[in-house]
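Coordinates from run.cif are shown below (mmCIF, C-alpha atoms).
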```cif
data_entry
#
loop_
_atom_site.label_atom_id
_atom_site.label_comp_id
_atom_site.auth_asym_id
_atom_site.auth_seq_id
_atom_site.Cartn_x
_atom_site.Cartn_y
_atom_site.Cartn_z
CA MET A 1 50.01 -38.01 157.22
CA PHE A 2 52.06 -40.52 159.25
CA ASP A 3 49.00 -41.51 161.27
CA SER A 4 47.07 -42.18 158.06
CA ILE A 5 49.86 -44.38 156.69
CA CYS A 6 50.05 -46.46 159.89
CA LYS A 7 46.30 -46.83 159.98
CA PHE A 8 46.28 -47.96 156.34
CA LEU A 9 48.94 -50.59 157.03
CA ALA A 10 47.21 -51.84 160.17
CA GLU A 11 43.85 -52.22 158.45
CA ASN A 12 45.14 -53.69 155.18
CA PHE A 13 47.80 -55.97 156.69
CA SER A 14 46.06 -56.78 159.97
CA GLU A 15 47.34 -60.37 160.10
CA ASP A 16 50.91 -59.14 159.73
CA LEU A 17 50.31 -56.63 162.53
CA ALA A 18 48.81 -59.40 164.68
CA SER A 19 51.82 -61.64 164.03
CA TRP A 20 54.07 -58.89 165.35
CA LEU A 21 52.04 -57.71 168.33
CA LEU A 22 50.11 -60.85 169.29
CA GLY A 23 52.55 -63.52 168.22
CA SER A 24 50.24 -65.21 165.71
CA PRO A 25 48.43 -64.16 162.48
CA VAL A 26 45.00 -63.71 164.03
CA ALA A 27 42.26 -62.66 161.59
CA LEU A 28 41.10 -59.22 162.70
CA THR A 29 38.39 -56.86 161.49
CA GLU A 30 38.03 -53.13 162.04
CA LEU A 31 36.16 -51.97 165.12
CA SER A 32 34.56 -48.57 164.73
CA PRO A 33 35.06 -46.16 167.68
CA GLN A 34 31.39 -45.28 167.39
CA GLU A 35 30.54 -48.76 168.64
CA LEU A 36 32.16 -48.00 171.97
CA SER A 37 30.28 -44.89 173.01
CA LEU A 38 27.59 -42.46 171.96
CA GLU A 39 30.29 -39.82 171.85
CA PRO A 40 32.86 -40.27 169.08
CA ILE A 41 36.49 -40.76 170.14
CA ARG A 42 38.73 -38.07 168.68
CA ALA A 43 42.12 -39.58 167.92
CA ASP A 44 43.66 -39.68 164.46
CA SER A 45 46.11 -42.42 165.41
CA LEU A 46 43.53 -44.72 167.04
CA ILE A 47 43.36 -48.18 165.45
CA LEU A 48 40.91 -50.74 166.82
CA LEU A 49 40.82 -54.27 165.43
CA GLN A 50 38.89 -57.21 166.80
CA SER A 51 38.43 -60.96 166.59
CA ASP A 52 35.74 -63.03 168.27
CA ASP A 53 37.43 -62.94 171.65
CA LEU A 54 40.02 -60.15 171.43
CA VAL A 55 40.37 -56.43 170.76
CA LEU A 56 43.70 -55.03 169.61
CA HIS A 57 44.12 -51.32 170.25
CA THR A 58 47.19 -49.67 168.74
CA GLU A 59 48.25 -46.05 168.62
CA PHE A 60 51.09 -44.87 166.41
CA GLN A 61 52.74 -41.69 167.70
CA THR A 62 55.25 -39.50 165.88
CA GLU A 63 55.63 -37.26 168.94
CA PRO A 64 55.40 -37.92 172.70
CA ASP A 65 52.01 -37.08 174.17
CA VAL A 66 51.37 -36.55 177.87
CA LYS A 67 47.71 -37.55 177.39
CA ILE A 68 48.48 -41.07 176.16
CA PRO A 69 48.27 -42.92 179.54
CA PHE A 70 44.82 -41.57 180.36
CA ARG A 71 43.62 -42.16 176.79
CA MET A 72 44.61 -45.82 177.03
CA LEU A 73 42.61 -46.20 180.24
CA ASP A 74 39.66 -44.40 178.66
CA TYR A 75 39.63 -46.75 175.65
CA ARG A 76 39.99 -49.81 177.86
CA VAL A 77 36.93 -48.85 179.88
CA ARG A 78 34.94 -48.08 176.73
CA VAL A 79 35.78 -51.47 175.24
CA TYR A 80 34.94 -53.24 178.51
CA ARG A 81 31.55 -51.51 178.60
CA ARG A 82 30.79 -52.76 175.07
CA PHE A 83 32.58 -56.14 175.16
CA PRO A 84 33.04 -57.20 178.81
CA ASN A 85 34.16 -60.72 177.87
CA LYS A 86 36.82 -59.80 175.31
CA VAL A 87 40.52 -59.69 176.10
CA MET A 88 42.16 -56.40 175.10
CA ARG A 89 45.75 -55.73 174.09
CA GLN A 90 46.84 -52.10 174.00
CA VAL A 91 50.08 -51.00 172.37
CA VAL A 92 51.50 -47.52 171.84
CA ILE A 93 54.08 -47.46 169.03
CA TYR A 94 56.44 -44.50 168.85
CA LEU A 95 57.85 -43.87 165.37
CA GLY A 96 60.44 -41.12 165.75
CA GLN A 97 63.42 -41.47 168.08
CA THR A 98 63.39 -39.11 171.04
CA ASN A 99 64.89 -38.80 174.52
CA SER A 100 61.60 -37.67 176.04
CA PRO A 101 60.72 -39.63 179.20
CA LEU A 102 57.12 -39.72 178.00
CA VAL A 103 57.92 -42.56 175.57
CA GLN A 104 58.87 -44.71 178.57
CA GLU A 105 55.50 -44.37 180.31
CA ASN A 106 53.37 -47.49 180.13
CA ASN A 107 50.79 -46.97 182.85
CA PHE A 108 48.24 -44.58 184.27
CA ARG A 109 47.83 -43.97 188.00
CA LEU A 110 45.13 -42.00 189.79
CA GLU A 111 44.73 -42.64 193.52
CA ASN A 112 43.60 -46.29 193.68
CA THR A 113 43.26 -46.64 189.91
CA PHE A 114 46.08 -48.32 188.00
CA HIS A 115 46.11 -49.25 184.32
CA GLN A 116 48.99 -50.69 182.29
CA PHE A 117 49.62 -50.95 178.56
CA GLU A 118 52.49 -51.87 176.24
CA VAL A 119 54.92 -49.44 174.62
CA ILE A 120 57.09 -50.12 171.57
CA ARG A 121 59.83 -47.72 170.49
CA LEU A 122 60.58 -48.59 166.88
CA TRP A 123 64.19 -47.43 167.06
CA GLU A 124 64.81 -50.22 169.59
CA GLN A 125 63.35 -52.98 167.40
CA PRO A 126 65.58 -55.19 165.20
CA PRO A 127 65.07 -54.47 161.48
CA GLU A 128 64.72 -58.19 160.66
CA ARG A 129 61.38 -58.17 162.47
CA PHE A 130 60.00 -55.95 159.73
CA LEU A 131 62.04 -56.99 156.70
CA ASN A 132 60.64 -60.53 156.86
CA VAL A 133 56.95 -59.55 156.99
CA THR A 134 55.31 -57.94 153.94
CA GLY A 135 52.90 -55.61 155.71
CA LEU A 136 55.57 -54.38 158.13
CA LEU A 137 58.21 -53.48 155.53
CA PRO A 138 57.60 -49.69 155.74
CA PHE A 139 58.52 -49.71 159.46
CA ALA A 140 61.95 -51.25 158.85
CA VAL A 141 63.66 -47.93 158.07
CA LEU A 142 62.64 -46.64 161.53
CA SER A 143 64.08 -49.65 163.36
CA GLN A 144 67.36 -50.06 165.25
CA THR A 145 70.08 -49.25 162.73
CA ASP A 146 73.02 -46.94 162.17
CA ASP A 147 72.38 -46.98 158.44
CA PRO A 148 68.74 -46.30 157.53
CA THR A 149 69.76 -45.82 153.89
CA MET A 150 70.95 -49.42 153.72
CA ILE A 151 67.74 -50.65 155.38
CA LEU A 152 65.60 -48.71 152.93
CA SER A 153 67.54 -50.21 150.02
CA GLN A 154 66.77 -53.67 151.44
CA VAL A 155 63.11 -52.72 151.72
CA ALA A 156 63.12 -51.58 148.09
CA GLU A 157 64.68 -54.88 147.02
CA VAL A 158 62.02 -56.92 148.83
CA ILE A 159 59.22 -54.79 147.40
CA GLU A 160 60.59 -55.29 143.88
CA GLY A 161 59.96 -59.02 144.28
CA ILE A 162 56.26 -58.60 145.15
CA THR A 163 54.08 -59.72 142.23
CA ASP A 164 50.85 -58.00 143.25
CA GLN A 165 51.24 -54.53 141.72
CA GLN A 166 48.69 -52.84 144.00
CA VAL A 167 50.36 -54.20 147.14
CA GLN A 168 53.72 -53.25 145.69
CA SER A 169 52.58 -49.67 144.99
CA ASN A 170 51.04 -49.23 148.42
CA LEU A 171 54.14 -50.49 150.21
CA VAL A 172 56.41 -48.21 148.16
CA ALA A 173 54.28 -45.18 149.05
CA ALA A 174 54.07 -46.10 152.74
CA SER A 175 57.82 -46.79 152.92
CA ALA A 176 58.64 -43.49 151.22
CA ILE A 177 56.50 -41.44 153.59
CA LEU A 178 57.73 -43.11 156.79
CA ALA A 179 61.34 -42.93 155.57
CA GLY A 180 60.91 -39.16 155.51
CA LEU A 181 61.20 -39.24 159.31
CA VAL A 182 64.87 -40.28 159.12
CA LEU A 183 66.10 -39.65 155.56
CA ASN A 184 66.03 -36.69 153.19
CA LYS A 185 63.73 -36.88 150.19
CA ASP A 186 66.54 -37.17 147.62
CA ILE A 187 67.73 -40.45 149.13
CA VAL A 188 64.17 -41.75 149.32
CA LYS A 189 63.50 -40.86 145.68
CA ARG A 190 66.72 -42.54 144.60
CA LEU A 191 65.91 -45.82 146.35
CA LEU A 192 62.16 -46.13 145.78
CA ARG A 193 60.42 -46.12 142.42
CA SER A 194 58.22 -43.04 142.13
CA ASP A 195 56.26 -44.54 139.21
CA LEU A 196 54.97 -47.29 141.49
CA MET A 197 54.12 -44.78 144.19
CA ARG A 198 51.76 -42.82 141.94
CA ASN A 199 49.59 -45.91 141.43
CA SER A 200 49.11 -46.52 145.13
CA VAL A 201 45.87 -45.95 147.05
CA ILE A 202 47.87 -44.07 149.68
CA TYR A 203 49.37 -41.65 147.17
CA GLN A 204 45.99 -40.95 145.58
CA GLU A 205 44.37 -40.31 148.97
CA ILE A 206 47.13 -37.88 149.94
CA LEU A 207 46.81 -36.19 146.55
CA GLN A 208 43.05 -35.81 146.99
CA GLU A 209 43.50 -34.49 150.53
CA GLY A 210 46.00 -31.95 149.22
CA LYS A 211 43.60 -30.84 146.48
CA LEU A 212 40.75 -30.56 148.96
CA GLU A 213 42.87 -28.55 151.39
CA GLY A 214 43.98 -26.33 148.50
CA LYS A 215 40.38 -25.71 147.47
CA LEU A 216 39.30 -24.96 151.03
CA GLU A 217 42.25 -22.64 151.58
CA GLY A 218 41.51 -20.94 148.25
CA LYS A 219 37.87 -20.42 149.20
CA LEU A 220 38.76 -19.11 152.64
CA GLU A 221 41.41 -16.79 151.24
CA GLY A 222 38.99 -15.61 148.55
CA LYS A 223 36.28 -14.88 151.11
CA LEU A 224 38.73 -13.11 153.38
CA GLU A 225 40.15 -11.04 150.54
CA GLY A 226 36.63 -10.23 149.36
CA LYS A 227 35.59 -9.06 152.81
CA LEU A 228 38.73 -6.98 153.24
CA GLU A 229 38.35 -5.44 149.78
CA GLY A 230 34.69 -4.77 150.45
CA LYS A 231 35.46 -3.05 153.73
CA LEU A 232 38.27 -1.01 152.23
CA GLU A 233 36.13 0.01 149.24
CA GLY A 234 33.25 0.88 151.53
CA LYS A 235 35.45 3.01 153.77
CA LEU A 236 37.07 4.70 150.79
CA GLU A 237 33.72 5.41 149.15
CA GLY A 238 32.32 6.65 152.43
CA LYS A 239 35.22 9.03 152.94
CA LEU A 240 35.03 10.31 149.36
CA GLU A 241 31.28 10.78 149.59
CA GLY A 242 31.64 12.45 152.95
CA LYS A 243 34.27 14.82 151.63
CA LEU A 244 32.18 15.58 148.54
CA GLU A 245 29.03 16.21 150.56
CA GLY A 246 30.99 18.44 152.94
CA LYS A 247 32.34 20.59 150.05
CA GLU A 248 28.87 20.93 148.55
CA GLU A 249 27.42 22.05 151.86
CA VAL A 250 30.19 24.64 152.30
CA ALA A 251 29.60 25.86 148.72
CA LEU A 252 25.87 26.29 149.33
CA ASN A 253 26.49 28.21 152.52
CA LEU A 254 28.97 30.51 150.76
CA LEU A 255 26.52 31.15 147.92
CA ARG A 256 23.76 31.96 150.42
CA MET A 257 26.12 34.43 152.09
CA GLY A 258 26.59 36.22 148.76
CA PHE A 259 30.04 35.04 147.71
CA SER A 260 30.75 35.05 144.00
CA LEU A 261 31.09 31.89 141.89
CA GLU A 262 34.83 32.39 141.53
CA GLN A 263 35.27 32.80 145.31
CA VAL A 264 33.31 29.57 146.01
CA VAL A 265 35.42 27.66 143.48
CA GLN A 266 38.63 28.83 145.15
CA ALA A 267 37.32 28.07 148.65
CA THR A 268 35.90 24.58 148.01
CA GLY A 269 37.90 23.20 145.10
CA LEU A 270 34.69 22.38 143.21
CA SER A 271 34.63 23.04 139.49
CA VAL A 272 32.67 25.86 137.86
CA GLU A 273 30.41 23.23 136.26
CA GLU A 274 29.60 21.52 139.57
CA ILE A 275 28.45 24.59 141.48
CA PRO A 276 25.40 25.59 139.34
CA SER A 277 23.96 22.08 139.83
CA LEU A 278 23.71 22.73 143.57
#
```

Will you turn the file into C-alpha cells for me?
Amino acid sequence: MFDSICKFLAENFSEDLASWLLGSPVALTELSPQELSLEPIRADSLILLQSDDLVLHTEFQTEPDVKIPFRMLDYRVRVYRRFPNKVMRQVVIYLGQTNSPLVQENNFRLENTFHQFEVIRLWEQPPERFLNVTGLLPFAVLSQTDDPTMILSQVAEVIEGITDQQVQSNLVAASAILAGLVLNKDIVKRLLRSDLMRNSVIYQEILQEGKLEGKLEGKLEGKLEGKLEGKLEGKLEGKLEGKLEGKEEVALNLLRMGFSLEQVVQATGLSVEEIPSL
C-alpha cells in the first residue's frame, strides 16, 4: 500500500519530486521498466521518470532491504544499455525510522565493480521541505519532528486551502495512509477529513484492490472447502458402502451355511426386510 501511494505521488506530482531531488522542477514522464529489458523488472517500489537527457530512478522503502545496492546497480546498467547518453540519478528513500545499518548503505561493491547511489532517510529531513511543496505534503509527517501530530495538523491546514478538489482528495488520502506509519488511526481520522478521502483516486484504487482480494480469497476458500467436503463425503460414503457391502456378504455366507433368518439378523445387524432382497 505504501509503495503504491509513493508511486502515485511521484507520477502525478513529478515536477514537485524533481524540485526536491534534482533541485529544479524538471518536466518528467514515466519510463516503463519494460523498455529497459526483455525481462520485466519485479519491484513494486520502482519509479522511473525521464526527461530528454535524464532518468530519475527512485525507490521508496518502508523496510530495510539487503538487496537494494545490487538492484540499484542492475537498474543503472539496464538504463545505460537503453539510453547510453542519458544522465541517471538514483535515490533510495526510506520512509520508516529504523536503526538498521542497511539504511546507511549507498553503494555496491563486487571485486573491481563499484556503484554509488543516493539515500534519503525521511526522518532526517526538515518538515519545511515538504510543507512548502504541494505534491510532497504527505511526506511531511514522516520528517524530522518530535510531534508528528502537529505536523499532520499543518498538512491538513495546507490541504484545506487547495482549490482543486481532486488534488485535495488525493493528498488527504495519501497523507492519511503515510501518517499510519507514525500515528494511530484515531488521530489521523481526527485531523484529516474522511469525506474528502473517499473521493480520491487513491482511496478508490485501494477499495477496488480490497474487493478484488476479497473475491479471490472467497473463491480460493470456496474451492478449498469444496474439495475438502468432497473428499470427506467421498471417504464417508466409501466407508459406509464398504461396511454395508461387508455385512451383506457375511449375511449371504451365513444363509448359505444354513443359519436361520433371525440368527443372520442378530449376527449382521441387517433388518429382516433387507435380508430377503439378497

request  = Name the closest residue to Pro25 (chain A) among the candidates A:Val91, A:Ile187, A:Leu46, A:Val133; distances are taken between atoms, counting all atoms listed in the file.
outcome  = A:Val133

query = With only C-alpha atoms as the basis for distance, which of A:Val92, A:Val55, A:Leu252, A:Ile177 is at the shortest distance from Arg71 (chain A)?
reply =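 Of A:Val92, A:Val55, A:Leu252, A:Ile177, the one nearest Arg71 (chain A) is A:Val92, counting only C-alpha atoms.
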
Residue members of the PyMOL selection byres ((chain A and resi 58) around 7) in the file shown, as a list in words = Leu46, Ile47, Leu48, Leu56, His57, Glu59, Phe60, Gln90, Val91 and Val92 of chain A

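A straight line drawn from CA of Ser175 (chain A) to CA of Ile5 (chain A) is 9.1 Å long.
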
key: Separation of CA of Asn107 (chain A) from CA of Pro69 (chain A), in Å and rounded to one decimal   =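 A separation of 5.8 Å between them.
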
task = Can you work out which one of A:Met150, A:Gln166, A:Leu9, A:Leu142 has the shortest atom-to-atom distance to Val182 (chain A), counting all atoms listed in the file?
result =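 Closest residue, counting all atoms listed in the file: A:Leu142.
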
query = Closest to Ser14 (chain A) among A:Leu137, A:Leu28, A:Val272, A:Leu95, using all atoms listed in the file?
reply = A:Leu28

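In this structure, CA of Gly135 (chain A) sits 23.2 Å away from CA of Asn184 (chain A).
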
request  = Have a look at A:Arg78, A:Arg190, A:Arg256, A:His115 and name the one nearest to Ser153 (chain A); count only C-alpha atoms.
outcome  = A:Arg190

message = For the PyMOL selection byres ((chain A and resi 73) around 12), applied here, can you spell out every residue it catches as a list in words?
response =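 Going through the file, the PyMOL selection byres ((chain A and resi 73) around 12) ends up selecting His57, Lys67, Ile68, Pro69, Phe70, Arg71, Met72, Asp74, Tyr75, Arg76, Val77, Arg78, Val79, Tyr80, Met88, Arg89, Gln90, Val91, Asn106, Asn107, Phe108, Arg109, Leu110, Thr113, Phe114, His115, Gln116 and Phe117 of chain A.
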
If the box runs along x, y and z of the file and leaves 4 Å on each side of region 90-97 of chain A, what are its centre and edge lengths in Å, one decimal, as lines of an AutoDock Vina configuration file?
```
center_x = 55.1
center_y = -46.6
center_z = 169.7
size_x = 24.6
size_y = 19.0
size_z = 16.6
```

Evaluate the PyMOL selection byres ((chain A and resi 13) around 10) against this structure - the residues, as a compact mmCIF listing (two decimals) with C-alpha atoms, in the coordinates of the input, please.
```
# COMPACT_ATOMS: atom_id res chain seq x y z
CA LYS A 7 46.30 -46.83 159.98
CA PHE A 8 46.28 -47.96 156.34
CA LEU A 9 48.94 -50.59 157.03
CA ALA A 10 47.21 -51.84 160.17
CA GLU A 11 43.85 -52.22 158.45
CA ASN A 12 45.14 -53.69 155.18
CA SER A 14 46.06 -56.78 159.97
CA GLU A 15 47.34 -60.37 160.10
CA ASP A 16 50.91 -59.14 159.73
CA LEU A 17 50.31 -56.63 162.53
CA ALA A 18 48.81 -59.40 164.68
CA ALA A 27 42.26 -62.66 161.59
CA LEU A 28 41.10 -59.22 162.70
CA VAL A 133 56.95 -59.55 156.99
CA THR A 134 55.31 -57.94 153.94
CA GLY A 135 52.90 -55.61 155.71
CA LEU A 136 55.57 -54.38 158.13
```

ask   = Got a sec: who's within 10 Å of Ala179 (chain A), counting all atoms listed in the file, leaving out chain neighbours fewer than 4 positions off, as an NGL selection string?
value = :A and (138-142 or 148-149 or 152 or 173-175 or 183-185 or 187-188)

Output for the residues just chosen: C-alpha atoms as a compact mmCIF listing (two decimals), in the frame of the given file:
```txt
# COMPACT_ATOMS: atom_id res chain seq x y z
CA PRO A 138 57.60 -49.69 155.74
CA PHE A 139 58.52 -49.71 159.46
CA ALA A 140 61.95 -51.25 158.85
CA VAL A 141 63.66 -47.93 158.07
CA LEU A 142 62.64 -46.64 161.53
CA PRO A 148 68.74 -46.30 157.53
CA THR A 149 69.76 -45.82 153.89
CA LEU A 152 65.60 -48.71 152.93
CA ALA A 173 54.28 -45.18 149.05
CA ALA A 174 54.07 -46.10 152.74
CA SER A 175 57.82 -46.79 152.92
CA LEU A 183 66.10 -39.65 155.56
CA ASN A 184 66.03 -36.69 153.19
CA LYS A 185 63.73 -36.88 150.19
CA ILE A 187 67.73 -40.45 149.13
CA VAL A 188 64.17 -41.75 149.32
```

inquiry  = Under the rule that only C-alpha atoms are counted, which of A:Asp147, A:Phe83, A:Ser32, A:Leu178 is the nearest residue to Ser4 (chain A)?
reply    =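 Checking each candidate against Ser4 (chain A), we get A:Leu178 as the closest.
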